[in-house]
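Here the structure is laid out as structure tokens; the discussion comes afterwards.
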Amino acid sequence: MQLTGASSVLHRHPRLRLLLLLAAPMLVLVVVYLGALAVLLLSSFWSTDVFTGNTVKSFTLDNFRDVVNSSTYRTVIVRTVLVAMAVTVICALLAFPMAFYMAKVASPRARRLLVVAVLTPLWASYLVKAYAWRSMLAGDGVVNWALAPFGLRGPGFGLPATVIVLSYLWLPFMVLPVYAGLDRLPDSLLEASGDLGAKAGRTFRSVVLPLAFPALVAGAIFTFSLSLGDYIAVQIVGGKSQLLGNLIQGNAGAANNLPLAAALAAVPIVIMVVFLVGIRRTGALDNL
Amino acid sequence: MNLSRGARAALATFMGLGLALIYLPLVVVLISSFNTDRTFGWPPSGLTFDWWTRTFHNSGAREALATSVKAGLGATAVALVLGTMAAFAVARYRFFGKEAISILIVLPIALPGIVTGIALSNAITTTLAPVGINFGLFTVVVGHATFCVVVVYNNVLARLRRTGGSLEEASMDLGAGVFQTFRHVTFPAIRSALLAGAILAFALSFDEIIVTTFTAGASVQTLPLWIFSNLARPNQAPVVAVVAAILIVISIIPVWLAQRVSSDTAGGRL
């Protein structure tokens, strides 16, 4: 069959095909996204004129010095990382048994229903869910109402409430990759392990967990990064506590000190890049 | 795995409790939309349909919904094209820097939204505004597209890896051109992955608040921005609860659809 012009040229030149495939996505991601990030990081070396509020474009390390030397900033950064780690661990502990039940125990029909059930809340607005928790955790809310007969009280507003709400919000982002990972794990491997004499606990430790680990890490990328930059949930249920996101947002917005905001934003960027490079070999990126 | 009956029952119970936990706040929202008490006090002091009728006459919510749908469709369309192209390049070719490219594509979803937000906001003010592109729907679409690309990319990449390239090679060997092969062989194979990716991308865009805050400017109000500005007002909180209740109910349709068309039992990847 005679190939038409463009098709024939493309057919004979695989490198040209690759170039055309990559051109548009790379143009957008490199120019728009990396470009914007680079400009942001560049401005972290500038300063703000205290009188005019204008950005002064001369090189200085003052912003980074402020971030490192200020005990307030250090405390907030450590607090944010701990919150993000707590959220990630809680999500993993909740998501793994659920995903395991969905992938390996439930019938195929129930499986579909369960995936729908876990995914549907992703569509309910983040803000509405956060405010639902605010009303639940409030003094006259559901949580205190349900705990009252046992003589207990809920955590009220503060960091524990923030961890609860963030874990709640990001749980589907952990369940989905872990479920997909466990779903790909062949049943025959589990049977083989059983046939070789391993009990359920041993099979879990030696077969399921190592093979599902990349999927868990993939979920952790979402839960960790989403928690690391969040400044809205903590405003809604965090009481007076502040996280890194609040500092960045405050400096970028109300305080109009973009260079300092940029230096603060470098912190989550560095943490996430180190995280991504560290987990590269686990194959987690293929499990997103 | 030979799970004991006890272990199965324990897992089933855990699943049930997990789902109960997931749905408890949503049920609270649903009930709040009928609660006569404006501050969502518990237990409800009385039930009313007042907020529902009021919501249907709220033009602000309707316009915000329309804006959100437009932004979501725009970002999804961009993500479908760019995500599919990138997935093809990574799945079907070997080249230098492939790993760097796959990390680059994942970066917008792996970096916190506030970083993306202030980076884009700064870029718009300093470089785009001088050439006449101001904050508006377009900048929102671009901002959302950065993290929607990865969702489509992941779905298509997983499908391409699973199907392999041999069918495409066979098609080419039989004389089909590049475009013919795509239309008759490749596209049917990735169609459901595209749909699953598109639905998730739309969902992420539809609910995005942080990146939107920084890229929308004053003139554009998406539904999350409308919700944010109205939730704090005591008079509007019940109307917001109604909007949320409607969204929860409607959202079952696309999620269910993604499940039905997707041959992956996983029903899509993030």
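Quick note on naming: the chains in the structure tokens go A, B, ... in the order shown, residues restart at 1 in each chain, and ligands are numbered from 1 in order of appearance.
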**OP:** List every residue of stretch 47-166 of chain B that DSSP, applied to the backbone, labels as helix (DSSP H, G or I), and write the result as JSON, numbers by chain.
**Re:** {"B": [50, 51, 52, 53, 54, 55, 56, 59, 60, 61, 62, 63, 64, 65, 66, 67, 68, 69, 70, 71, 72, 73, 74, 75, 76, 77, 78, 79, 80, 81, 82, 83, 84, 85, 86, 87, 88, 89, 90, 91, 92, 98, 99, 100, 101, 102, 103, 104, 105, 106, 107, 108, 109, 110, 113, 114, 115, 116, 117, 118, 119, 120, 121, 122, 123, 124, 125, 126, 127, 128, 129, 130, 131, 137, 138, 139, 140, 141, 142, 143, 144, 145, 146, 147, 148, 149, 150, 151, 152, 153, 154, 155, 156, 157, 158, 159, 160, 161, 162, 163, 166]}
**OP:** Excluding A:Gly158 and any residue of its chain fewer than 6 positions from it, enumerate the residues within 9 Å of it, using only C-alpha atoms, and give them as a ChimeraX atom specification.
**Re:** /A:234,237-241
Subject >> Polymer residues at most 6 Å from B:Asn155, only C-alpha atoms, same-chain spacing of 2 or more positions, as JSON, numbers by chain >> reply: {"B": [152, 153, 157, 158, 193, 197, 269]}
Could you write out the selected residues, including N, CA and C atoms, as an mmCIF file, in the first residue's frame?
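So out25.cif came out as:
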```
data_model
loop_
_atom_site.group_PDB
_atom_site.id
_atom_site.type_symbol
_atom_site.label_atom_id
_atom_site.label_comp_id
_atom_site.auth_asym_id
_atom_site.auth_seq_id
_atom_site.Cartn_x
_atom_site.Cartn_y
_atom_site.Cartn_z
ATOM 1 N N VAL B 152 -3.268 11.622 33.325
ATOM 2 C CA VAL B 152 -3.495 10.978 32.031
ATOM 3 C C VAL B 152 -2.266 10.146 31.654
ATOM 4 N N TYR B 153 -1.090 10.746 31.845
ATOM 5 C CA TYR B 153 0.181 10.082 31.537
ATOM 6 C C TYR B 153 0.275 8.726 32.250
ATOM 7 N N LEU B 157 0.316 5.344 30.214
ATOM 8 C CA LEU B 157 1.598 4.635 30.279
ATOM 9 C C LEU B 157 1.393 3.196 30.786
ATOM 10 N N ALA B 158 0.591 3.051 31.838
ATOM 11 C CA ALA B 158 0.348 1.711 32.380
ATOM 12 C C ALA B 158 -0.297 0.820 31.318
ATOM 13 N N ALA B 193 -8.345 3.696 29.064
ATOM 14 C CA ALA B 193 -7.367 4.332 29.956
ATOM 15 C C ALA B 193 -7.457 5.844 29.835
ATOM 16 N N GLY B 197 -8.324 8.288 32.898
ATOM 17 C CA GLY B 197 -7.424 9.392 33.203
ATOM 18 C C GLY B 197 -8.139 10.726 33.127
ATOM 19 N N ARG B 269 -5.691 5.270 37.549
ATOM 20 C CA ARG B 269 -4.581 5.602 38.433
ATOM 21 C C ARG B 269 -4.545 7.093 38.650
#
```
Subject >> Exercise: A:Ala266 partners within 10 Å, only C-alpha atoms, chain neighbours under 5 positions left out, as a list in words >> reply: Leu37, Leu40, Leu41, Ser44, Phe64, Ile248, Leu260, Ala261, Ile271 and Met272 of chain A; Val115 of chain B
Original post:
Skipping near chain neighbours, those fewer than 4 positions away, what residues fall within 12 Å of A:Val270 using only C-alpha atoms, listed as a ChimeraX atom specification?
Top reply: /A:41,225,228,263-266,274-278 /B:107,110-112,115
Kindly export the residues of the current selection with C-alpha atoms, as a PDB file, in the first residue's frame.
```pdb
ATOM      1  CA  LEU A  41      13.877  30.022  43.252  1.00  0.00           C
ATOM      2  CA  SER A 225       3.430  16.182  49.476  1.00  0.00           C
ATOM      3  CA  LEU A 228       3.545  19.356  53.277  1.00  0.00           C
ATOM      4  CA  ALA A 263      13.054  30.819  50.255  1.00  0.00           C
ATOM      5  CA  LEU A 264      10.426  29.094  52.420  1.00  0.00           C
ATOM      6  CA  ALA A 265       8.986  27.330  49.351  1.00  0.00           C
ATOM      7  CA  ALA A 266      12.467  25.982  48.635  1.00  0.00           C
ATOM      8  CA  VAL A 274      15.298  14.325  47.928  1.00  0.00           C
ATOM      9  CA  PHE A 275      12.298  12.054  48.575  1.00  0.00           C
ATOM     10  CA  LEU A 276      11.748  11.419  44.833  1.00  0.00           C
ATOM     11  CA  VAL A 277      15.422  10.734  44.141  1.00  0.00           C
ATOM     12  CA  GLY A 278      15.592   8.476  47.213  1.00  0.00           C
TER      13      GLY A 278
ATOM     14  CA  LEU B 107       6.916  16.778  39.614  1.00  0.00           C
ATOM     15  CA  ALA B 110       4.716  15.616  43.777  1.00  0.00           C
ATOM     16  CA  LEU B 111       5.419  19.217  44.735  1.00  0.00           C
ATOM     17  CA  PRO B 112       2.867  20.821  47.070  1.00  0.00           C
ATOM     18  CA  VAL B 115       4.728  25.844  45.421  1.00  0.00           C
TER      19      VAL B 115
END
```
Subject >> Nearest-residue call for A:Asp230, choices B:Val149, B:His184, B:Ile209, B:Ala87, using only C-alpha atoms >> reply: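 The shortest atom-to-atom distance to A:Asp230 comes from B:Ile209.
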